[in-house]
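**Student:** Sending over a structure as structure tokens; questions will come in a sec.
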Amino acid sequence: MCKQFGQENVGTSVDVTHAREVLPTNVKPRHYNLTLEPDFENFTYEGSVTIDLDVVEDTTSVTLNTLELKVHTAKIESSGETVSDAPSLAHDEDGQTTKVSFDKTIPSGAKASLTMTFTGTLNDNMAGFYRSSFKAADGSTTWLATTQMEPTDARRAFPCFDEPALKAEFTVTLVADEKMTCLSNMDVASETTVDSKVVSGKRKAVTFNKSPPMSTYLLAFIIGELNYIETNNFRVPVRVYAPKDRDIEHGRFSLELAAKTLDFYEKTFASPFPLPKMDMVAIPDFSAGAMENWGLITYRVVDVLIDEKTSGASVKQRVAETVQHELAHQWFGNLVTMDFWDGLWLNEGFATWMSWYSCNVFYPDWKVWEGYVTDNLASALSLDSLRSSHPIEVPVKRADEINQIFDAISYSKGSCVLRMISKYLGEETFMEGVRRYLKKHAYGNTQTGDLWAALSDASGKDVEKVMDIWTKHVGFPVITVTENSDSIHVKQNRFLRTADVKPEEDQTLWPVFLELRTKDGVNKDLALTTREADFKVKDTDFFKLNADHSGIYRTSYTPDRLAKLGEAARAGLLSVEDRAGMIADAGALAASGYQKSSGILALLDSFKSEKEFVVWQEIISRISVLRSAWTFEDQAVKDALKKFALELTQDKAHEVGWTFSDNDGHIEQQFKGMMFGTAGVTNDEAIVKASFDMFNKFKAGDTSAIHPNLRGSVYAIVLSNGGKEEYDVVLEQALHAKTSDERNTAMRSLGRAKSPELIQRTLALSVSEDVKAQDIYLPISALRTHPEGINALWAFVKENWADLEKKLPPSLSMLSSVVSIATSSFTRREHIKDIGAFFSDKSTKGFDKALAQSLDSISAKAAWIERDSEDVKAWLKEHKYL
């Protein structure tokens with residue numbers, strides 16, 4: 001994961017391309033002929049690769065990437081002759097390279113080929129070529145071999161030039177038992193019978209057609225016992241595969257959606273999908289949510305298979321967005337690829353934006369752009385308000401730094417920048433720029449400037465001048481608004497959640513689209529490009545900046561204006577996005593000292609009659625953030641905040657109800673589930689009783705007693721109020737429920753149980769054989785909902801650190817997640833000291849960024865409590881909660 005970049009990135013644009021640790025440029029790969037044969041008895045595999053090379057400079061060596069591979073032989077050929085059949089090999093473990101040296105010089109302009117034989121391990125780290133398992137019908141464990149190459153793990157699978165700019169064509173052959181399905185990026189060219197190198201007797205060798213030029217991180221191959229379903233609703237076959245222990249029909253929703261989405265993207269991008277098929281595969285062990293391998297997308301089971309009878313509406317939406325995200329990558333990332341990892345946002349930001357764009361076209365009743373404010377924009381602003389954030393275009397030098405930038409900056413802030421530019425240019429002009437970008441750079445590599453150039457070409461505007469500041473600089477501004485009789489004065493400053501911006505950190509001037517809403521509509525032409533400026537407003541009775549919240553900034557109003565905006569919201573003058581965004585801004589500004597916390601409490605109180613789901617999402621999120629910050633404070637104040645949360649939500653929860661019918665819309669289902677859960681965990685008596693009634697019927701064998709939209713809430717409520725008996729029932733579901741979604745919901749709830757004995761059972765479960773490494777975060781997540789759990793989890797992590805490091809190698813992202821979950825819920829300065837002391841003599845390589853972000857977050861909460869503890873107490877007293 002990523003090295004911590006210091007303040008040199010704040011307020012200045014940094015170009016560190018010269019500092020990248022990359023392979024020598026003396027040769028370039030043109031084509032790989034790769035053969036692999038796994039041995040499922042010993043979890044190893046035999047491999048051979050021939051790489052055709054273009055020689056760019058006179059050369060006596062070839063250096064390529066390898067990691068945890070045993071190279072047996074190497075041979076160099078050029079112009080039909082063997083240059084060396086026993087060259088010297090030098091492995092650099094730290095640099096993850098092997099240098100192949102030979103005596104004879106191959107001249108510049110020549111063609112050459114390097115052939116290597118090697119052995120690798122089918123590891124259990126979910127990286128490179130690795131093993132995954134599922135239970136067969138008879139209870140035995142069945143293994144499959146699969147891949148995860150992004151960002152830099154192709155080198156774990158085979159010797160290669162493992163950089164995104166070094167595109168080449170691939171011809172892959174997989175050797176396996178007859179009963180195994182073999183898949184790769186391309187369709188099958190031939191199948192023959194060969195002598196096996198790893199077992200006695202014969203096996204089949206499946207060779208796939210040659211791929212187009214592509215980056216190594218997009219190569220994929222899978223060998224396993226799989227079922228599939230297929231649709232011909234797109235002009236090339238589309239299939240969903242799953243292990244044989246799964247009901248393959250649960251892939252039907254994703255399958256049909258994929259066919260429609262591919263057709264939609266082809267037309268939208270004016271660019272045909274260039275491969276002969278599209279396969280999507282559910283993998284039982286998978287570290288990410290999904291991976292966009294060209295023509296062979298891999299997924300966590302829960303992100304592609306869905307039983308619509310047993311899954312709630314939010315699960316369906318997540319699956320749809322995941323599928324559409326990965327399919328957008330087939331063009332943005334796969335066809336056109338960033339030239340290095342500092343351009344990761346070009347892939348992830350665009351695929352995120354495009355998944356929402358297409359979801360909105362396919363499911364307009366889901367109103368996804370309303371949710372964008374409480375989802376993508378919220379996570380972008382949350383992470384980017386920390387000093388330990390990073391620019392969208394983050395300098396990356398080494399392979400082991402890359403994993404940490406797969407975060408809310410690359411995905412969420414990246415997509416928010418694209419949303420902002422699409423609004424600025426107009427959606428059709430933006431899309432025309434995208435089409436030109438894809439056409440010009442197909443099968444090539446790009447930098448951010450290439451996208452800006454295409455958008456400028458389509459729009460006639462200087463996009464780079466406007467957007468470079470947003471991608472090359474860390475952070476975002478807070479816009480402070482003061483009022484005169486016929487104008488407003490606006491001023492921008494860097495926003496930090498820790499409320500301690502130093503002058504040298506406040507140098508950047510962002511181009512801010514003000515999007516001023518008045519009774520006459522929205523003025524899209526106003527922009528703040530200086531530190532401060534005045535703007536005329538015809539009628540100051542009603543105005544609001546950042547209409548619909550497509551701008552990446554917070555707006556700080558005076559208390560009087562905030563109260564007037566609350567009235568405007570009730571009068572119907574603000575959109576759903578405006579209302580949710582206004583609450584988000586007010587909450588964030590209170591948490592960081594720009595406004596008093598009593599102000600956000602009063603604002604939330606004034607929204608009790610709000611009708612929209614997304615606005616309630618933000619209301620609930622804000623009271624939850626406040627309560628979390630006060631987790632370790634005086635019990636009487638915590639009880640008062642809980643009482644306030646209950647009073648805020650219970651009337652709406654009872655009004656929307658918690659019975660479901662077939663007529664309930666997608667949003668209505670989620671609304672009912674959310675209000676039920678929120679009022680229930682704050683102890684609404686009727687909801688607690690209803691939860692136990694449903695749960696007891698469920699326990700007695702009525703599997704339909706708990707509606708899918710309520711399942712997680714019911715578990716949370718009975719575990720918070722119950723004991724061992726309830727825990728055992730939920731644990732049984734976590735281990736043995738029929739679908740992954742049902743198991744995950746139960747697993748995610750277990751941490752709600754507060755007794756010391758049950759907390760220890762949850763902690764032990766997380767590292768047991770019953771929980772796959774990919775799911776370690778599930779049982780421990782809910783421990784963060786109470787101080788007993790937070791303390792116990794951190795003690796457990798400290799006690800078991802050596803084992804966790806072994807189980808979750810720092811080079812992968814899982815350890816980073818565990819560190820974040822175990823530390824980020826603390827709230828006091830002594831907690832920071834304790835965490836710092838523990839890690840002071842340990843290597844934080846691979847999770848240093850996550851740790852810094854946790855400590856920043858704790859520091860912000862500590863400052864908030866010190867600043868506003870009395871203010872919160874006084875408001876609660878005044879309103880009879882305390």
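So you can find residues: chains in the structure tokens are A, B, ... in the order shown, residues in each start at 1, and ligands are numbered from 1 in order.
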From region 53-289 of chain A, collect each residue whose DSSP state is strand (DSSP E) and return the set as a ChimeraX atom specification.

**Tutor:** /A:53-55,59-65,69-78,81-84,88-92,97-106,111-121,128-135,141-148,169-176,181-184,188-195,202-208,221-224,226-231,238-243,278-283

**Student:** For the residues in that selection, give me C-alpha atoms as a CSV table (one decimal), in the first residue's frame.

**Tutor:**
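After the write, selection_16.csv holds the following:
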chain,number,residue,atom,x,y,z
A,53,LEU,CA,10.0,-8.7,-27.5
A,54,ASP,CA,10.8,-5.5,-29.5
A,55,VAL,CA,14.4,-4.5,-28.7
A,59,THR,CA,20.9,-5.0,-25.0
A,60,THR,CA,22.6,-7.8,-23.1
A,61,SER,CA,19.9,-8.3,-20.5
A,62,VAL,CA,16.2,-8.4,-20.0
A,63,THR,CA,14.6,-7.4,-16.6
A,64,LEU,CA,11.0,-8.3,-15.9
A,65,ASN,CA,8.8,-8.7,-12.9
A,69,LEU,CA,8.0,-17.7,-8.4
A,70,LYS,CA,10.7,-20.3,-8.9
A,71,VAL,CA,12.2,-19.9,-12.4
A,72,HIS,CA,13.8,-23.2,-13.6
A,73,THR,CA,15.0,-22.4,-17.1
A,74,ALA,CA,15.4,-19.4,-19.4
A,75,LYS,CA,16.2,-19.1,-23.0
A,76,ILE,CA,16.8,-16.0,-25.2
A,77,GLU,CA,16.3,-16.2,-29.0
A,78,SER,CA,16.7,-13.5,-31.7
A,81,GLU,CA,18.9,-18.2,-33.4
A,82,THR,CA,19.4,-19.0,-29.8
A,83,VAL,CA,21.3,-16.1,-28.1
A,84,SER,CA,21.6,-18.1,-24.8
A,88,SER,CA,22.4,-15.9,-15.7
A,89,LEU,CA,19.4,-15.1,-13.6
A,90,ALA,CA,19.4,-12.5,-10.8
A,91,HIS,CA,16.3,-12.2,-8.6
A,92,ASP,CA,15.6,-9.0,-6.6
A,97,THR,CA,12.3,-8.4,-10.6
A,98,THR,CA,14.4,-11.0,-12.3
A,99,LYS,CA,17.3,-9.9,-14.5
A,100,VAL,CA,18.2,-12.3,-17.4
A,101,SER,CA,21.7,-11.6,-18.6
A,102,PHE,CA,23.6,-13.0,-21.6
A,103,ASP,CA,26.9,-12.4,-23.3
A,104,LYS,CA,25.9,-11.6,-26.8
A,105,THR,CA,24.4,-8.2,-27.6
A,106,ILE,CA,21.0,-8.0,-29.3
A,111,LYS,CA,13.0,-8.9,-32.5
A,112,ALA,CA,13.7,-11.3,-29.6
A,113,SER,CA,11.9,-13.9,-27.5
A,114,LEU,CA,12.4,-14.9,-23.9
A,115,THR,CA,11.2,-18.4,-22.8
A,116,MET,CA,11.0,-19.3,-19.2
A,117,THR,CA,9.7,-22.3,-17.3
A,118,PHE,CA,8.7,-21.8,-13.7
A,119,THR,CA,6.8,-23.1,-10.7
A,120,GLY,CA,4.4,-21.0,-8.6
A,121,THR,CA,2.2,-21.5,-5.5
A,128,GLY,CA,-2.0,-13.5,-8.4
A,129,PHE,CA,-2.9,-17.1,-9.4
A,130,TYR,CA,-4.6,-18.3,-6.2
A,131,ARG,CA,-6.8,-21.0,-4.7
A,132,SER,CA,-10.4,-20.6,-3.6
A,133,SER,CA,-12.7,-23.2,-2.1
A,134,PHE,CA,-16.3,-24.2,-1.7
A,135,LYS,CA,-18.2,-27.1,-0.2
A,141,THR,CA,-14.0,-29.1,0.1
A,142,THR,CA,-13.7,-28.5,-3.6
A,143,TRP,CA,-10.9,-26.2,-5.0
A,144,LEU,CA,-10.7,-23.9,-7.9
A,145,ALA,CA,-7.9,-21.7,-9.2
A,146,THR,CA,-8.5,-18.1,-10.1
A,147,THR,CA,-6.7,-14.8,-10.5
A,148,GLN,CA,-6.5,-11.3,-9.2
A,169,GLU,CA,-1.3,-9.6,-26.7
A,170,PHE,CA,-1.8,-12.8,-24.8
A,171,THR,CA,-2.3,-16.4,-25.9
A,172,VAL,CA,-3.2,-18.5,-22.9
A,173,THR,CA,-3.3,-22.3,-22.5
A,174,LEU,CA,-4.7,-23.9,-19.3
A,175,VAL,CA,-4.1,-27.6,-18.6
A,176,ALA,CA,-6.7,-29.3,-16.3
A,181,THR,CA,-14.2,-25.5,-16.7
A,182,CYS,CA,-11.3,-23.4,-18.0
A,183,LEU,CA,-11.9,-19.7,-18.7
A,184,SER,CA,-9.8,-16.8,-19.8
A,188,VAL,CA,-11.7,-21.0,-26.7
A,189,ALA,CA,-9.6,-21.6,-29.9
A,190,SER,CA,-8.9,-25.4,-29.4
A,191,GLU,CA,-9.0,-28.2,-26.9
A,192,THR,CA,-6.5,-31.1,-27.0
A,193,THR,CA,-5.3,-34.0,-24.8
A,194,VAL,CA,-1.8,-33.7,-23.4
A,195,ASP,CA,0.5,-35.5,-21.0
A,202,LYS,CA,-3.6,-37.3,-19.6
A,203,ARG,CA,-5.3,-34.0,-19.1
A,204,LYS,CA,-7.1,-31.5,-21.5
A,205,ALA,CA,-5.2,-28.4,-22.7
A,206,VAL,CA,-7.6,-25.5,-23.5
A,207,THR,CA,-6.0,-22.8,-25.7
A,208,PHE,CA,-7.8,-19.5,-26.0
A,221,PHE,CA,-7.8,-17.3,-16.0
A,222,ILE,CA,-9.9,-19.6,-13.9
A,223,ILE,CA,-10.0,-23.4,-13.5
A,224,GLY,CA,-12.8,-25.0,-11.5
A,226,LEU,CA,-18.5,-24.3,-12.4
A,227,ASN,CA,-22.1,-24.1,-13.7
A,228,TYR,CA,-23.3,-21.3,-16.0
A,229,ILE,CA,-26.3,-19.6,-17.5
A,230,GLU,CA,-26.2,-17.7,-20.8
A,231,THR,CA,-28.1,-15.0,-22.6
A,238,VAL,CA,-22.9,-13.2,-22.1
A,239,ARG,CA,-22.6,-15.8,-19.3
A,240,VAL,CA,-22.6,-15.9,-15.5
A,241,TYR,CA,-20.6,-18.7,-13.9
A,242,ALA,CA,-20.7,-19.9,-10.3
A,243,PRO,CA,-19.3,-22.8,-8.2
A,278,MET,CA,-18.4,-11.6,-21.8
A,279,ASP,CA,-18.2,-13.9,-18.8
A,280,MET,CA,-18.9,-12.9,-15.2
A,281,VAL,CA,-17.8,-15.3,-12.4
A,282,ALA,CA,-18.8,-15.6,-8.7
A,283,ILE,CA,-15.6,-16.4,-6.8

**Student:** Compile the contact shell of Asp605 (chain A) as an mmCIF file with N, CA and C atoms, in the first residue's frame: residues with an atom at most 12 Å away, counting only C-alpha atoms, same-chain residues fewer than 6 positions apart removed.

**Tutor:**
data_model
loop_
_atom_site.group_PDB
_atom_site.id
_atom_site.type_symbol
_atom_site.label_atom_id
_atom_site.label_comp_id
_atom_site.auth_asym_id
_atom_site.auth_seq_id
_atom_site.Cartn_x
_atom_site.Cartn_y
_atom_site.Cartn_z
ATOM 1 N N ALA A 563 -31.222 28.909 9.442
ATOM 2 C CA ALA A 563 -32.618 28.791 9.905
ATOM 3 C C ALA A 563 -33.585 29.110 8.765
ATOM 4 N N GLY A 566 -33.789 26.223 6.469
ATOM 5 C CA GLY A 566 -34.672 25.197 7.038
ATOM 6 C C GLY A 566 -36.125 25.486 6.708
ATOM 7 N N ILE A 583 -27.864 19.582 5.167
ATOM 8 C CA ILE A 583 -27.706 18.920 6.474
ATOM 9 C C ILE A 583 -26.280 18.370 6.605
ATOM 10 N N SER A 598 -24.884 22.750 18.700
ATOM 11 C CA SER A 598 -26.292 23.021 19.014
ATOM 12 C C SER A 598 -27.052 23.417 17.743
ATOM 13 N N GLY A 599 -26.341 24.042 16.796
ATOM 14 C CA GLY A 599 -26.964 24.441 15.533
ATOM 15 C C GLY A 599 -27.405 23.246 14.707
ATOM 16 N N TRP A 616 -33.651 11.701 4.948
ATOM 17 C CA TRP A 616 -33.629 10.977 6.224
ATOM 18 C C TRP A 616 -32.328 10.189 6.392
ATOM 19 N N ILE A 619 -30.028 12.753 7.740
ATOM 20 C CA ILE A 619 -30.390 13.105 9.126
ATOM 21 C C ILE A 619 -29.856 12.023 10.074
ATOM 22 N N ILE A 620 -30.126 10.778 9.723
ATOM 23 C CA ILE A 620 -29.723 9.654 10.572
ATOM 24 C C ILE A 620 -28.195 9.540 10.631
ATOM 25 N N ARG A 622 -26.062 11.963 10.369
ATOM 26 C CA ARG A 622 -25.495 13.058 11.167
ATOM 27 C C ARG A 622 -25.663 12.836 12.667
ATOM 28 N N ILE A 623 -26.830 12.345 13.083
ATOM 29 C CA ILE A 623 -27.003 12.094 14.524
ATOM 30 C C ILE A 623 -26.114 10.921 14.946
ATOM 31 N N PHE A 644 -32.873 11.717 22.100
ATOM 32 C CA PHE A 644 -33.109 12.663 21.004
ATOM 33 C C PHE A 644 -33.237 11.914 19.674
ATOM 34 N N ALA A 645 -32.332 10.965 19.432
ATOM 35 C CA ALA A 645 -32.371 10.189 18.186
ATOM 36 C C ALA A 645 -33.686 9.425 18.070
ATOM 37 N N LEU A 646 -34.144 8.875 19.200
ATOM 38 C CA LEU A 646 -35.414 8.146 19.196
ATOM 39 C C LEU A 646 -36.571 9.084 18.868
ATOM 40 N N GLU A 647 -36.619 10.222 19.546
ATOM 41 C CA GLU A 647 -37.722 11.157 19.332
ATOM 42 C C GLU A 647 -37.718 11.705 17.899
ATOM 43 N N LEU A 648 -36.502 11.854 17.363
ATOM 44 C CA LEU A 648 -36.357 12.367 16.001
ATOM 45 C C LEU A 648 -36.946 11.391 14.975
ATOM 46 N N THR A 649 -36.764 10.083 15.222
ATOM 47 C CA THR A 649 -37.072 9.092 14.180
ATOM 48 C C THR A 649 -38.347 8.287 14.399
ATOM 49 N N TRP A 875 -27.825 22.292 25.086
ATOM 50 C CA TRP A 875 -28.958 22.134 24.154
ATOM 51 C C TRP A 875 -29.858 20.981 24.605
ATOM 52 N N LEU A 876 -29.243 19.885 25.018
ATOM 53 C CA LEU A 876 -30.017 18.724 25.464
ATOM 54 C C LEU A 876 -30.836 19.056 26.713
ATOM 55 N N HIS A 879 -33.807 21.326 25.867
ATOM 56 C CA HIS A 879 -34.898 20.626 25.178
ATOM 57 C C HIS A 879 -35.375 19.386 25.941
#

**Student:** Quick one: of A:Leu275, A:Leu574, A:Leu34, A:Ile402, who's nearest to Arg235 (chain A), counting only C-alpha atoms?

**Tutor:**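 Counting only C-alpha atoms, the residue closest to Arg235 (chain A) is A:Leu275.
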
**Student:** Give me the residues near Asp486 (chain A) as a ChimeraX atom specification, where near means some atom within 7 Å (using only C-alpha atoms) and where sequence neighbours in that chain fewer than 5 positions away do not count.

**Tutor:** /A:536-540

**Student:** Quick one, how far is CA of Gly712 (chain A) from CA of Ala313 (chain A)?

**Tutor:**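 Value for the CA of Gly712 (chain A)-CA of Ala313 (chain A) distance: 12.7 Å.
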
**Student:** His549 (chain A): which residues within 7 Å, counting only C-alpha atoms, same-chain residues fewer than 5 positions away excluded, as a list in words?

**Tutor:**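 Selected residues are Val373, Glu577, Asp578 and Gly581 of chain A.
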
**Student:** Rounded to one decimal in Å, what is the spacing between CA of Ser459 (chain A) and CA of Phe430 (chain A)?

**Tutor:** 7.6 Å

**Student:** Closest to Pro559 (chain A) among A:Leu386, A:Gly789, A:Ala547, A:Ala590, using only C-alpha atoms?

**Tutor:**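 Distance minimum relative to Pro559 (chain A) lands on A:Ala590.
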
**Student:** Fewer than 4 positions away in the same chain doesn't count, so skip those; otherwise give me all residues within 9 Å of region 476-478 of chain A, counting only C-alpha atoms, as a short mmCIF file (atom, residue, chain, number, x, y, z; two decimals) with C-alpha atoms, in the first residue's frame.

**Tutor:**
data_model
loop_
_atom_site.label_atom_id
_atom_site.label_comp_id
_atom_site.auth_asym_id
_atom_site.auth_seq_id
_atom_site.Cartn_x
_atom_site.Cartn_y
_atom_site.Cartn_z
CA LEU A 381 -15.64 14.78 1.45
CA ASP A 384 -10.63 14.41 1.85
CA SER A 385 -11.27 16.50 4.98
CA TRP A 470 -9.15 19.53 -8.54
CA LYS A 491 -14.66 33.39 0.64
CA GLN A 492 -12.87 30.08 0.16
CA ASN A 493 -10.44 28.34 2.53
CA ARG A 494 -9.12 24.80 2.80
CA PHE A 495 -11.45 22.65 4.90
CA LEU A 496 -9.98 20.27 7.48
CA THR A 508 -4.74 26.44 -3.18
CA LEU A 509 -7.46 28.49 -4.85
CA TRP A 510 -10.05 26.14 -6.31
CA VAL A 512 -15.66 26.77 -7.52
CA ILE A 552 -17.09 19.52 -4.17
CA TYR A 553 -17.16 21.93 -1.26
CA ARG A 554 -18.88 22.74 2.01
CA THR A 555 -20.91 25.95 2.43
CA SER A 556 -20.88 27.79 5.74
CA LEU A 589 -19.07 22.26 9.87
#

**Student:** Measuring between only C-alpha atoms, which one of A:Ala380, A:Ala591, A:Val730, A:Ala568 shows the shortest distance to Ser606 (chain A)?

**Tutor:**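 Ranked by minimum distance to Ser606 (chain A), first place goes to A:Ala568.
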
**Student:** Return the single residue from A:Ile667, A:Ile776, A:Ala792, A:Met431 that is closest to Ser816 (chain A), with distances computed using only C-alpha atoms.

**Tutor:**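 Under the stated criterion, the closest residue is A:Ile776.
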
**Student:** Find the residue from A:Tyr265, A:Phe253, A:Trp369, A:Phe607 that sits nearest to Ser550 (chain A); use only C-alpha atoms when measuring.

**Tutor:** A:Trp369

**Student:** Between A:Asp775, A:Glu870, A:Asp834, A:Asp407, which is the closest to Val818 (chain A) once you count only C-alpha atoms?

**Tutor:**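 Among A:Asp775, A:Glu870, A:Asp834, A:Asp407, it is A:Asp775 that comes nearest to Val818 (chain A).
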